[in-house]
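Chemist: File protein_3.txt follows (compact mmCIF, C-alpha atoms):
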# COMPACT_ATOMS: atom_id res chain seq x y z
CA MET A 1 179.95 62.53 158.14
CA ASP A 2 179.89 60.97 161.61
CA ASP A 3 182.87 60.74 163.98
CA SER A 4 183.80 57.20 162.96
CA GLU A 5 183.94 58.00 159.27
CA LEU A 6 185.86 61.16 160.03
CA GLN A 7 188.42 59.16 162.03
CA LEU A 8 188.68 56.52 159.36
CA ARG A 9 189.37 59.10 156.70
CA LEU A 10 191.87 61.00 158.83
CA SER A 11 193.73 57.76 159.60
CA ALA A 12 194.96 57.91 156.00
CA CYS A 13 196.20 61.50 156.33
CA ARG A 14 199.98 61.69 156.36
CA PRO A 15 201.34 63.52 159.37
CA ASN A 16 203.51 66.16 157.75
CA GLY A 17 200.93 68.01 155.72
CA GLN A 18 201.39 66.12 152.46
CA ASP A 19 197.64 65.52 152.14
CA ASN A 20 196.39 68.93 153.23
CA ASP A 21 195.31 69.77 149.69
CA ASP A 22 193.51 66.51 149.14
CA PRO A 23 189.75 67.24 148.81
CA LEU A 24 188.69 64.28 151.01
CA MET A 25 191.13 65.21 153.74
CA ARG A 26 190.37 68.91 153.51
CA GLU A 27 186.68 68.19 153.91
CA ALA A 28 187.42 66.03 156.95
CA MET A 29 189.73 68.59 158.53
CA GLU A 30 187.18 71.35 158.06
CA CYS A 31 184.85 69.36 160.32
CA LEU A 32 187.38 69.21 163.14
CA PRO A 33 186.68 72.58 164.80
CA HIS A 34 183.14 71.36 165.44
CA ARG A 35 184.26 67.97 166.82
CA PRO A 36 186.68 68.65 169.69
CA ALA A 37 186.94 64.99 170.68
CA VAL A 38 187.94 63.94 167.17
CA MET A 39 190.30 66.89 166.94
CA GLU A 40 192.07 65.74 170.08
CA TRP A 41 192.21 62.17 168.75
CA PHE A 42 193.60 63.44 165.44
CA ALA A 43 196.38 65.42 167.12
CA LYS A 44 197.47 62.28 169.01
CA GLU A 45 197.14 60.16 165.90
CA GLN A 46 199.41 62.52 163.96
CA THR A 47 201.98 62.49 166.76
CA PHE A 48 201.95 58.69 166.74
CA ASP A 49 202.29 58.66 162.95
CA ARG A 50 205.17 61.12 163.01
CA THR A 51 207.02 58.92 165.47
CA MET A 52 206.44 55.85 163.32
CA CYS A 53 207.61 57.74 160.23
CA GLN A 54 210.84 58.58 162.03
CA CYS A 55 211.32 54.92 162.98
CA VAL A 56 210.77 53.79 159.39
CA SER A 57 213.10 56.42 157.94
CA GLY A 58 215.75 55.14 160.37
CA ILE A 59 215.77 51.64 158.84
CA ALA A 60 219.32 51.16 157.57
CA VAL A 61 219.77 50.55 153.86
CA PRO A 62 222.84 48.54 152.77
CA GLU A 63 225.57 50.97 151.76
CA CYS A 64 226.43 49.10 148.59
CA LEU A 65 222.84 48.64 147.37
CA ARG A 66 222.72 51.68 145.11
CA ALA A 67 226.03 50.79 143.45
CA GLU A 68 224.86 47.20 142.98
CA ILE A 69 221.60 48.28 141.37
CA LEU A 70 223.48 50.51 138.92
CA ALA A 71 226.03 47.77 138.22
CA ALA A 72 223.30 45.17 137.61
CA ALA A 73 221.43 47.56 135.32
CA LYS A 74 224.55 47.95 133.20
CA LEU A 75 224.56 44.20 132.81
CA SER A 76 220.98 44.14 131.60
CA ASN A 77 219.76 44.65 128.07
CA LYS A 78 218.57 48.07 127.13
CA VAL A 79 215.43 47.60 125.08
CA PRO A 80 215.97 48.92 121.58
CA ARG A 81 213.69 51.73 120.47
CA TRP A 82 212.12 49.60 117.72
CA GLN A 83 210.74 47.20 120.31
CA SER A 84 208.48 49.93 121.60
CA LEU A 85 206.80 50.15 118.19
CA PRO A 86 204.28 47.30 118.11
CA TRP A 87 204.15 46.69 114.36
CA LEU A 88 207.92 46.66 114.04
CA ALA A 89 208.19 44.38 117.04
CA ALA A 90 205.61 42.00 115.55
CA ALA A 91 207.46 41.96 112.23
CA ALA A 92 210.72 41.33 114.03
CA VAL A 93 209.24 38.43 115.98
CA ILE A 94 207.89 36.81 112.79
CA ALA A 95 211.24 37.28 111.05
CA LEU A 96 213.08 35.91 114.05
CA MET A 97 210.85 32.83 114.25
CA GLY A 98 211.53 32.16 110.58
CA LEU A 99 215.23 32.64 111.09
CA VAL A 100 215.30 30.33 114.10
CA TYR A 101 213.42 27.70 112.14
CA VAL A 102 215.87 27.89 109.27
CA ILE A 103 219.17 28.12 111.11
CA GLN A 104 218.51 26.33 114.37
CA VAL A 105 221.26 23.80 114.31
CA PRO A 106 220.35 20.53 115.92
CA LEU A 107 222.69 19.69 118.77
CA GLU A 108 225.87 18.17 117.56
CA LYS A 109 227.70 16.82 120.52
CA ASP A 110 231.05 17.15 118.83
CA ALA A 111 232.21 20.55 120.02
CA THR A 112 235.43 20.58 121.96
CA LEU A 113 236.07 22.65 125.05
CA ALA A 114 238.28 24.97 122.99
CA GLN A 115 235.43 25.54 120.52
CA PHE A 116 233.02 26.17 123.37
CA GLU A 117 235.39 28.70 124.92
CA THR A 118 235.94 30.49 121.63
CA GLU A 119 232.24 30.71 120.87
CA ILE A 120 231.46 31.86 124.40
CA VAL A 121 234.06 34.62 124.09
CA ASP A 122 232.57 35.69 120.73
CA MET A 123 229.12 35.68 122.24
CA PHE A 124 230.35 37.61 125.25
CA ASP A 125 231.96 40.24 123.03
CA SER A 126 228.63 41.00 121.39
CA MET A 127 226.90 40.96 124.78
CA LYS A 128 229.30 43.58 126.07
CA SER A 129 228.08 46.09 123.54
CA GLU A 130 224.40 45.18 123.80
CA GLY A 131 224.08 44.39 127.50
CA TYR A 132 224.17 41.00 129.17
CA GLY A 133 220.42 40.72 129.50
CA LEU A 134 220.44 39.21 132.96
CA GLU A 135 217.16 37.39 133.38
CA HIS A 136 217.38 37.08 137.12
CA VAL A 137 219.06 39.65 139.33
CA THR A 138 220.05 38.52 142.78
CA GLY A 139 222.86 38.93 145.26
CA GLU A 140 222.63 35.36 146.56
CA LEU A 141 224.11 32.30 144.93
CA THR A 142 221.41 30.06 146.36
CA ASN A 143 218.83 32.17 144.55
CA VAL A 144 220.87 31.88 141.35
CA SER A 145 220.89 28.09 141.64
CA ALA A 146 217.20 27.94 142.46
CA TRP A 147 216.30 30.09 139.47
CA LEU A 148 218.52 28.17 137.06
CA GLY A 149 217.13 24.90 138.38
CA ASN A 150 213.59 26.10 137.76
CA GLN A 151 214.52 26.94 134.18
CA GLY A 152 216.05 23.52 133.60
CA ALA A 153 219.54 24.94 133.12
CA PRO A 154 222.79 23.53 134.58
CA LYS A 155 223.51 24.92 138.02
CA PRO A 156 226.85 26.11 139.41
CA TYR A 157 227.53 23.28 141.87
CA VAL A 158 231.30 23.66 142.02
CA ILE A 159 232.64 27.17 142.27
CA GLN A 160 236.10 28.22 143.25
CA PRO A 161 237.08 29.67 146.64
CA GLY A 162 237.66 33.18 145.32
CA THR A 163 234.24 33.16 143.69
CA LYS A 164 232.59 32.10 146.91
CA THR A 165 233.64 35.40 148.43
CA ALA A 166 232.51 37.34 145.36
CA ARG A 167 228.99 38.66 145.04
CA PRO A 168 226.77 37.44 142.22
CA PHE A 169 224.90 40.10 140.24
CA GLY A 170 222.53 37.68 138.59
CA CYS A 171 222.28 35.16 135.82
CA ARG A 172 220.77 34.30 132.48
CA ILE A 173 220.51 31.33 130.16
CA ILE A 174 222.27 31.23 126.83
CA ASN A 175 221.16 29.00 124.01
CA TRP A 176 224.28 27.37 122.61
CA HIS A 177 223.60 24.98 119.74
CA GLY A 178 220.23 24.19 121.27
CA GLN A 179 221.79 23.54 124.70
CA LYS A 180 221.06 25.59 127.78
CA VAL A 181 224.20 27.19 129.15
CA ALA A 182 224.00 29.06 132.44
CA MET A 183 225.79 32.39 132.72
CA VAL A 184 226.36 33.78 136.21
CA CYS A 185 227.95 37.20 136.71
CA PHE A 186 230.12 37.93 139.74
CA GLY A 187 231.69 41.09 141.13
CA ARG A 188 234.67 41.27 143.43
CA GLY A 189 235.89 44.74 144.30
CA ASP A 190 236.14 46.52 140.96
CA GLN A 191 236.60 43.25 139.06
CA GLU A 192 233.92 41.27 137.25
CA ALA A 193 233.96 37.72 136.00
CA HIS A 194 231.39 35.45 134.38
CA LEU A 195 230.84 31.77 134.93
CA PHE A 196 229.40 29.61 132.15
CA VAL A 197 228.06 26.18 133.04
CA VAL A 198 227.40 23.59 130.36
CA LEU A 199 226.53 19.92 130.58
CA ARG A 200 229.58 17.72 130.23
CA GLU A 201 227.81 15.53 127.68
CA SER A 202 227.64 18.50 125.29
CA LEU A 203 231.41 18.51 124.81
CA LYS A 204 233.77 15.94 123.40
CA GLU A 205 237.44 15.19 124.02
CA LEU A 206 237.57 16.85 127.40
CA PRO A 207 241.13 17.01 128.75
CA ASP A 208 241.72 14.91 131.85
CA ASP A 209 243.65 17.64 133.62
CA LEU A 210 241.09 20.40 133.67
CA SER A 211 242.31 22.56 136.49
CA PRO A 212 240.83 25.84 137.63
CA GLY A 213 244.31 27.01 138.58
CA LYS A 214 245.32 27.13 134.94
CA VAL A 215 244.38 30.49 133.40
CA GLU A 216 244.60 30.72 129.62
CA HIS A 217 243.78 33.53 127.24
CA VAL A 218 241.20 33.37 124.46
CA ASP A 219 241.05 36.48 122.29
CA GLY A 220 242.81 38.29 125.12
CA TYR A 221 240.28 37.32 127.79
CA PRO A 222 241.55 35.30 130.75
CA ILE A 223 239.72 31.99 130.95
CA ALA A 224 239.81 29.05 133.33
CA ALA A 225 237.89 25.80 133.12
CA TRP A 226 237.13 22.89 135.38
CA SER A 227 234.65 20.10 135.53
CA CYS A 228 232.71 17.98 137.92
CA ARG A 229 230.86 14.75 137.30
CA LYS A 230 228.05 16.30 135.30
CA CYS A 231 229.06 19.82 134.28
CA VAL A 232 231.88 21.77 132.75
CA TYR A 233 232.59 25.23 134.10
CA VAL A 234 234.24 28.01 132.13
CA MET A 235 235.00 31.24 133.91
CA MET A 236 236.17 34.31 132.04
CA GLY A 237 237.20 37.79 133.06
CA ASN A 238 235.07 40.72 132.05
CA SER A 239 238.03 42.29 130.25
CA PRO A 240 241.55 41.29 129.28
CA ASP A 241 242.73 43.12 132.40
CA THR A 242 240.58 41.17 134.84
CA LYS A 243 242.58 39.37 137.47
CA LEU A 244 240.73 36.09 137.09
CA GLU A 245 243.06 34.41 139.56
CA GLU A 246 241.38 36.38 142.34
CA PHE A 247 238.10 34.61 141.56
CA LEU A 248 239.78 31.22 141.65
CA ALA A 249 242.24 31.21 144.52
CA ALA A 250 241.33 31.01 148.19
CA ASN A 251 243.75 33.77 149.16
CA SER A 252 246.58 35.81 147.75
CA SER A 253 249.20 33.20 148.67
CA ASP A 254 247.45 30.76 146.33
CA LEU A 255 247.82 33.07 143.35
CA LYS A 256 250.37 32.04 140.81
CA MET B 257 220.92 60.29 133.61
CA GLU B 258 217.27 59.36 134.16
CA PHE B 259 217.89 55.85 135.49
CA ASP B 260 220.54 56.96 137.99
CA GLN B 261 218.20 59.66 139.22
CA LEU B 262 215.34 57.23 139.60
CA VAL B 263 217.54 54.87 141.59
CA GLN B 264 218.80 57.69 143.77
CA GLU B 265 215.27 58.88 144.54
CA HIS B 266 213.60 55.58 145.26
CA TYR B 267 216.00 52.81 146.15
CA GLN B 268 215.87 53.46 149.88
CA GLY B 269 212.08 53.59 150.03
CA LEU B 270 211.81 50.50 147.87
CA TYR B 271 214.30 48.62 150.03
CA ARG B 272 212.46 49.54 153.24
CA PHE B 273 209.15 48.48 151.72
CA ALA B 274 210.75 45.24 150.48
CA LEU B 275 212.22 44.58 153.91
CA SER B 276 208.83 44.96 155.52
CA LEU B 277 207.42 42.42 153.06
CA ALA B 278 210.24 39.89 152.87
CA GLN B 279 211.58 40.45 156.42
CA ARG B 280 215.04 39.39 155.30
CA GLU B 281 217.74 41.84 154.22
CA ALA B 282 219.13 39.74 151.37
CA ASP B 283 215.67 39.13 149.93
CA ALA B 284 214.81 42.81 150.28
CA ALA B 285 217.96 43.78 148.36
CA ASP B 286 217.12 41.22 145.66
CA LEU B 287 213.57 42.49 145.36
CA THR B 288 214.82 46.05 145.02
CA GLN B 289 217.35 45.07 142.36
CA GLN B 290 214.80 42.98 140.50
CA THR B 291 212.41 45.94 140.46
CA PHE B 292 214.97 48.24 138.90
CA LEU B 293 215.86 45.53 136.41
CA ARG B 294 212.21 45.44 135.38
CA TRP B 295 212.37 49.19 134.92
CA ALA B 296 215.55 48.94 132.86
CA THR B 297 213.95 46.40 130.53
CA ARG B 298 210.32 47.50 130.50
CA GLY B 299 210.25 51.05 131.77
CA PHE B 300 209.78 52.35 128.23
CA GLN B 301 206.23 50.99 128.35
CA LEU B 302 205.28 53.63 130.89
CA ARG B 303 204.27 56.72 128.97
CA ASP B 304 203.51 58.92 131.95
CA ARG B 305 206.90 59.29 133.64
CA SER B 306 205.32 61.01 136.63
CA LYS B 307 203.96 57.59 137.59
CA ALA B 308 207.38 56.00 137.77
CA LYS B 309 207.36 55.94 141.56
CA THR B 310 204.00 54.14 141.75
CA TRP B 311 205.13 51.80 138.96
CA LEU B 312 208.26 50.84 140.90
CA PHE B 313 206.43 50.15 144.15
CA THR B 314 203.67 48.24 142.35
CA THR B 315 206.24 46.16 140.51
CA LEU B 316 208.13 45.38 143.70
CA TYR B 317 204.94 44.33 145.44
CA ARG B 318 204.00 42.03 142.53
CA GLU B 319 207.50 40.62 142.44
CA PHE B 320 207.16 39.81 146.11
CA LEU B 321 203.80 38.13 145.63
CA THR B 322 205.12 36.17 142.66
CA SER B 323 208.29 35.13 144.42
CA ASN B 324 206.29 33.82 147.33
CA ARG B 325 203.95 31.99 145.00
CA ARG B 326 201.09 32.62 147.24
CA SER B 327 197.64 33.45 146.11
CA ILE B 328 196.67 36.07 148.62
CA ARG B 329 193.14 37.20 148.58
CA PHE B 330 192.54 40.25 150.64
CA PRO B 331 189.08 40.74 152.06
CA HIS B 332 187.72 44.02 150.86
CA ILE B 333 186.28 45.79 153.85
CA GLU B 334 183.92 48.60 153.16
CA LEU B 335 184.13 51.81 155.14
CA SER B 336 180.93 51.11 157.04
CA ASP B 337 182.23 47.73 158.26
CA ALA B 338 185.22 49.25 159.99
CA GLU B 339 183.55 52.25 161.55
CA PRO B 340 182.90 50.93 165.06
CA GLU B 341 186.41 49.51 165.43
CA LEU B 342 188.45 52.64 165.70
CA PRO B 343 190.43 52.72 168.91
CA PRO B 344 191.83 55.88 170.46
CA VAL B 345 195.55 56.51 170.65
CA GLN B 346 196.84 55.63 174.10
CA GLU B 347 199.16 58.07 175.83
CA ARG B 348 201.17 55.25 177.39
CA THR B 349 201.99 53.81 173.96
CA MET B 350 203.51 57.03 172.73
CA GLU B 351 205.61 57.56 175.83
CA GLU B 352 207.06 54.09 175.78
CA MET B 353 207.61 53.78 172.06
CA ASP B 354 211.17 53.49 170.84
CA GLY B 355 212.48 52.84 167.36
CA HIS B 356 213.26 49.15 167.71
CA SER B 357 210.08 48.13 169.44
CA ALA B 358 208.04 50.15 166.95
CA LEU B 359 209.65 48.38 163.99
CA ASP B 360 209.38 44.99 165.68
CA ALA B 361 205.71 45.59 166.28
CA LEU B 362 205.25 46.68 162.66
CA ASN B 363 206.98 43.53 161.43
CA GLU B 364 204.75 41.36 163.55
CA LEU B 365 201.63 42.61 161.84
CA ASP B 366 199.91 40.53 159.24
CA GLU B 367 201.08 41.41 155.74
CA THR B 368 197.57 42.63 154.92
CA TYR B 369 198.16 45.56 157.27
CA ARG B 370 201.95 45.74 157.13
CA ALA B 371 202.17 46.61 153.45
CA PRO B 372 199.81 49.63 153.46
CA LEU B 373 201.18 50.85 156.79
CA MET B 374 204.76 50.69 155.56
CA LEU B 375 203.84 52.61 152.41
CA PHE B 376 202.00 55.14 154.58
CA TYR B 377 204.90 55.61 156.97
CA LEU B 378 207.37 55.97 154.13
CA GLN B 379 205.36 59.16 153.46
CA GLN B 380 206.00 58.99 149.75
CA HIS B 381 202.51 57.86 148.80
CA SER B 382 199.04 59.24 149.18
CA TYR B 383 196.25 56.85 150.09
CA GLN B 384 195.20 56.82 146.40
CA GLU B 385 198.71 55.75 145.37
CA ILE B 386 198.75 53.06 148.07
CA ALA B 387 195.46 51.79 146.64
CA ASP B 388 197.02 51.67 143.16
CA ILE B 389 200.14 49.87 144.38
CA LEU B 390 198.23 47.24 146.32
CA SER B 391 195.39 47.05 143.77
CA VAL B 392 192.67 47.59 146.34
CA PRO B 393 189.93 50.22 146.64
CA ILE B 394 190.59 53.44 148.55
CA GLY B 395 188.12 52.46 151.27
CA THR B 396 190.05 49.27 151.83
CA VAL B 397 193.31 51.19 152.18
CA MET B 398 191.73 53.47 154.78
CA SER B 399 190.31 50.61 156.79
CA ARG B 400 193.58 48.66 156.64
CA LEU B 401 195.54 51.70 157.79
CA SER B 402 193.12 52.23 160.61
CA ARG B 403 193.02 48.59 161.68
CA GLY B 404 196.76 48.21 161.18
CA LYS B 405 197.47 51.16 163.47
CA ALA B 406 195.09 49.70 166.03
CA GLN B 407 197.02 46.43 165.98
CA LEU B 408 200.29 48.30 166.14
CA ARG B 409 199.25 50.22 169.22
CA GLN B 410 198.05 47.09 170.91
CA LYS B 411 201.36 45.37 170.24
CA LEU B 412 203.27 48.38 171.51
CA SER B 413 201.18 48.79 174.62
CA ASN B 414 201.13 45.07 175.37
CA PRO B 415 204.11 43.44 173.65
CA THR B 416 203.73 40.14 175.51
CA SER B 417 200.24 39.62 174.16
CA GLU B 418 200.29 37.04 171.38
CA THR B 419 197.22 38.29 169.62
CA PRO B 420 195.24 41.49 169.68
CA GLU B 421 192.26 39.61 171.05
CA GLU B 422 194.17 38.88 174.25
CA ALA B 423 194.68 42.53 175.07
CA ALA B 424 192.12 43.84 177.49
CA PRO B 425 190.51 47.16 176.57
CA VAL B 426 191.77 50.03 178.69
CA SER B 427 188.52 51.86 178.46
CA PRO B 428 184.96 50.75 177.95
CA ASN B 429 184.90 52.99 174.89
CA VAL B 430 187.75 51.08 173.27
CA ILE B 431 186.55 48.25 171.13
CA PRO B 432 189.42 45.82 170.51
CA PHE B 433 190.19 45.03 166.95
CA GLN B 434 188.68 41.73 165.87
CA PRO B 435 189.73 40.57 162.42
CA LYS B 436 186.70 39.57 160.47
CA ARG B 437 186.50 35.89 159.76
CA ASN B 438 186.19 35.91 156.05
CA SER B 439 186.26 32.78 153.96
CA ARG B 440 188.13 34.60 151.20
CA HIS B 441 191.02 35.53 153.45
CA GLY B 442 194.21 33.66 152.61
Show me the file's structure as structure tokens.

Modeler:
Amino acid sequence: MDDSELQLRLSACRPNGQDNDDPLMREAMECLPHRPAVMEWFAKEQTFDRTMCQCVSGIAVPECLRAEILAAAKLSNKVPRWQSLPWLAAAAVIALMGLVYVIQVPLEKDATLAQFETEIVDMFDSMKSEGYGLEHVTGELTNVSAWLGNQGAPKPYVIQPGTKTARPFGCRIINWHGQKVAMVCFGRGDQEAHLFVVLRESLKELPDDLSPGKVEHVDGYPIAAWSCRKCVYVMMGNSPDTKLEEFLAANSSDLK
Amino acid sequence: MEFDQLVQEHYQGLYRFALSLAQREADAADLTQQTFLRWATRGFQLRDRSKAKTWLFTTLYREFLTSNRRSIRFPHIELSDAEPELPPVQERTMEEMDGHSALDALNELDETYRAPLMLFYLQQHSYQEIADILSVPIGTVMSRLSRGKAQLRQKLSNPTSETPEEAAPVSPNVIPFQPKRNSRHG
């Protein structure tokens, strides 16, 4: 092994002894007593590396990141045990395809907003026990919109002031009567709320006075709805106790 | 709980690695979250739990590459190609190095060198694990670490220099790093 190869190998040796038992490194280090110039180079190299390691370990990590990762994981689907068994998974996929073929209801554009809200709440109830299955986890609303746009789902163009100051956890797409409905999850302090966006054309008999300031209760969950030119937005609290108003109003004086 | 423990052990290292790749805090946080989401949904596929750390860093790196939608082709440099290009460590660099300038210099490096160097300086990975994470041969990892450190030192010793080529050698024995012009590179 010549000096250059020795140096190249030792360049990959971590500076705090983690690689001392590695055969390649041990072989290289055993050569050092006979190569004083390389030994001197190696000592300086390790000092440089130690300094860089200290710099890297000093990079600040956002304080809330760990809590956000754990919160987002709670919102994701846990994969059932049976899915890790290939033959059962294959059988389940075949059965599911058959089921989808049989029961897939062609879009009937005659659902009212009230029906949509009720079905969303039912769907949400089952999600709560199984996990929300977020398909895209992100802390930025622009990333949420970009991802939903790429998937051909309605995007949250019009959100309320209180939601703007909330942090999104991520989003997923729900298939509702063959229509793509976007679901975006938000956290604000210890409160969580979920925004569902559906194309306006999917609903009939929309009330003229859809106002986000008006919070109603469906199966105990607080719900508010509003619309823009193209989309209808339904926001619901994560639990009956969620203070949904905080996600809607600009500040506490706006709360009713 | 296994997941909580995994997060506790690796989220900081993953975030720092992500930050070195994405160079934007919000994107780094997203990449870190997305990686753990992948674990939450697909982690069961990994039979050897001792490889969870490598799995997480590999997944994050792939997420980054996917999110950037770039087809990066790294030139594989054999050990013998890089041999004559090893510069010595300069005393002046060490004396003048401070945390901020060191990190700035690291961030200025090409991603080809930044990624293995960051993994190396995180100290959590051996060179074999770095090779696994980046999907490159061990020899390539060694040469990238060596060349990356050479670039880093040049940036630290001569921060005004735009490119390594502009920095004059301080000794006739120092051969400045010259990236190989390779048609496969990016």

Chemist: Select all residues from chain A having any atom no more than 9 Å from an atom of chain B (counting all atoms listed in the file, ignoring ligands), output as a tab-separated table (two decimals) with C-alpha atoms, keeping the file's coordinate frame.

Modeler:
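Contents of the output file out-v2.tsv:
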chain	number	residue	atom	x	y	z
A	3	ASP	CA	182.87	60.74	163.98
A	4	SER	CA	183.80	57.20	162.96
A	5	GLU	CA	183.94	58.00	159.27
A	7	GLN	CA	188.42	59.16	162.03
A	8	LEU	CA	188.68	56.52	159.36
A	9	ARG	CA	189.37	59.10	156.70
A	10	LEU	CA	191.87	61.00	158.83
A	11	SER	CA	193.73	57.76	159.60
A	12	ALA	CA	194.96	57.91	156.00
A	13	CYS	CA	196.20	61.50	156.33
A	14	ARG	CA	199.98	61.69	156.36
A	15	PRO	CA	201.34	63.52	159.37
A	16	ASN	CA	203.51	66.16	157.75
A	18	GLN	CA	201.39	66.12	152.46
A	19	ASP	CA	197.64	65.52	152.14
A	41	TRP	CA	192.21	62.17	168.75
A	42	PHE	CA	193.60	63.44	165.44
A	44	LYS	CA	197.47	62.28	169.01
A	45	GLU	CA	197.14	60.16	165.90
A	47	THR	CA	201.98	62.49	166.76
A	48	PHE	CA	201.95	58.69	166.74
A	49	ASP	CA	202.29	58.66	162.95
A	50	ARG	CA	205.17	61.12	163.01
A	51	THR	CA	207.02	58.92	165.47
A	52	MET	CA	206.44	55.85	163.32
A	53	CYS	CA	207.61	57.74	160.23
A	54	GLN	CA	210.84	58.58	162.03
A	55	CYS	CA	211.32	54.92	162.98
A	56	VAL	CA	210.77	53.79	159.39
A	57	SER	CA	213.10	56.42	157.94
A	58	GLY	CA	215.75	55.14	160.37
A	59	ILE	CA	215.77	51.64	158.84
A	60	ALA	CA	219.32	51.16	157.57
A	61	VAL	CA	219.77	50.55	153.86
A	62	PRO	CA	222.84	48.54	152.77
A	65	LEU	CA	222.84	48.64	147.37
A	66	ARG	CA	222.72	51.68	145.11
A	68	GLU	CA	224.86	47.20	142.98
A	69	ILE	CA	221.60	48.28	141.37
A	70	LEU	CA	223.48	50.51	138.92
A	72	ALA	CA	223.30	45.17	137.61
A	73	ALA	CA	221.43	47.56	135.32
A	76	SER	CA	220.98	44.14	131.60
A	77	ASN	CA	219.76	44.65	128.07
A	78	LYS	CA	218.57	48.07	127.13
A	79	VAL	CA	215.43	47.60	125.08
A	81	ARG	CA	213.69	51.73	120.47
A	84	SER	CA	208.48	49.93	121.60
A	133	GLY	CA	220.42	40.72	129.50
A	134	LEU	CA	220.44	39.21	132.96
A	135	GLU	CA	217.16	37.39	133.38
A	136	HIS	CA	217.38	37.08	137.12
A	137	VAL	CA	219.06	39.65	139.33
A	138	THR	CA	220.05	38.52	142.78
A	139	GLY	CA	222.86	38.93	145.26
A	140	GLU	CA	222.63	35.36	146.56

Chemist: In Å, rounded to a single decimal, give me how far CA of Asp110 in chain A is from CA of His177 in chain A.

Modeler: 10.8 Å

Chemist: What lies within 9 Å of Ser227 in chain A using all atoms listed in the file, ignoring chain neighbours under 4 positions off, as a PyMOL selection string?

Modeler: chain A and resi 158+200+210-212+231-234

Chemist: Those residues you just picked out, can you put them in a file as a CSV table (one decimal), in the coordinates of the input with C-alpha atoms?

Modeler:
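Saved to out-v2.csv:
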chain,number,residue,atom,x,y,z
A,158,VAL,CA,231.3,23.7,142.0
A,200,ARG,CA,229.6,17.7,130.2
A,210,LEU,CA,241.1,20.4,133.7
A,211,SER,CA,242.3,22.6,136.5
A,212,PRO,CA,240.8,25.8,137.6
A,231,CYS,CA,229.1,19.8,134.3
A,232,VAL,CA,231.9,21.8,132.8
A,233,TYR,CA,232.6,25.2,134.1
A,234,VAL,CA,234.2,28.0,132.1

Chemist: What's the 7 Å shell around range 185-196 of chain A, counting all atoms listed in the file, without same-chain residues fewer than 2 positions away, as a VMD selection string?

Modeler: chain A and resid 166 to 171 181 to 183 198 233 to 238 242

Chemist: Just give me the gap between CA of Leu199 in chain A and CA of Asp219 in chain A in Å, one decimal is fine.

Modeler: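 So the two atoms, CA of Leu199 in chain A and CA of Asp219 in chain A, lie 23.5 Å apart.
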
Chemist: Between CA of Ser306 in chain B and CA of Pro23 in chain A, what distance in Å does the model show, to one decimal?

Modeler: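 CA of Pro23 in chain A lies at a distance of 20.7 Å from CA of Ser306 in chain B.
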
Chemist: Could you give me, as a list in words, the residues that have an atom at most 8 Å away from the point (235.7, 33.0, 141.3) in the coordinates of the file, using all atoms listed in the file?

Modeler: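 Here is the list of nearby residues: Ile159, Gln160, Pro161, Gly162, Thr163, Lys164, Thr165, Ala166, Phe186, Ala193, Met235, Leu244, Glu245, Glu246, Phe247, Leu248 and Ala249 of chain A.
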
Chemist: If I wrap all listed atoms of range 13-20 of chain A in a box with edges along x, y and z and add 8 Å on each side, what are its centre and edge lengths in Å to one decimal, as JSON?

Modeler:
{"center_x": 199.9, "center_y": 65.2, "center_z": 155.8, "size_x": 23.3, "size_y": 23.4, "size_z": 23.2}

Chemist: Please return as a VMD selection string every residue within 7 Å of (200.8, 42.4, 154.0), taking into account only C-alpha atoms and the file's own coordinates.

Modeler: chain B and resid 277 366 to 371

Chemist: Choose the residue, out of A:Ser129, A:Leu113, A:Glu40, A:Arg35, that has the smallest atom-to-atom separation from Lys74 in chain A; count all atoms listed in the file.

Modeler: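 Looking only at the distances to Lys74 in chain A, the closest residue turns out to be A:Ser129.
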
Chemist: Please return range 62-69 of chain A, rebuilt to N, CA and C atoms, as a PDB file, in the frame of the given file.

Modeler:
ATOM      1  N   PRO A  62     221.449  48.953 153.028  1.00  0.00           N
ATOM      2  CA  PRO A  62     222.840  48.540 152.770  1.00  0.00           C
ATOM      3  C   PRO A  62     223.596  49.594 151.950  1.00  0.00           C
ATOM      4  N   GLU A  63     224.797  49.902 152.399  1.00  0.00           N
ATOM      5  CA  GLU A  63     225.570  50.970 151.760  1.00  0.00           C
ATOM      6  C   GLU A  63     225.823  50.714 150.277  1.00  0.00           C
ATOM      7  N   CYS A  64     226.027  49.417 149.956  1.00  0.00           N
ATOM      8  CA  CYS A  64     226.430  49.100 148.590  1.00  0.00           C
ATOM      9  C   CYS A  64     225.216  48.904 147.656  1.00  0.00           C
ATOM     10  N   LEU A  65     224.013  49.007 148.181  1.00  0.00           N
ATOM     11  CA  LEU A  65     222.840  48.640 147.370  1.00  0.00           C
ATOM     12  C   LEU A  65     222.709  49.497 146.098  1.00  0.00           C
ATOM     13  N   ARG A  66     222.881  50.796 146.258  1.00  0.00           N
ATOM     14  CA  ARG A  66     222.720  51.680 145.110  1.00  0.00           C
ATOM     15  C   ARG A  66     223.736  51.322 144.006  1.00  0.00           C
ATOM     16  N   ALA A  67     224.980  51.132 144.425  1.00  0.00           N
ATOM     17  CA  ALA A  67     226.030  50.790 143.450  1.00  0.00           C
ATOM     18  C   ALA A  67     225.718  49.453 142.789  1.00  0.00           C
ATOM     19  N   GLU A  68     225.188  48.522 143.548  1.00  0.00           N
ATOM     20  CA  GLU A  68     224.860  47.200 142.980  1.00  0.00           C
ATOM     21  C   GLU A  68     223.716  47.283 141.986  1.00  0.00           C
ATOM     22  N   ILE A  69     222.726  48.118 142.298  1.00  0.00           N
ATOM     23  CA  ILE A  69     221.600  48.280 141.370  1.00  0.00           C
ATOM     24  C   ILE A  69     222.109  48.854 140.050  1.00  0.00           C
TER      25      ILE A  69
END
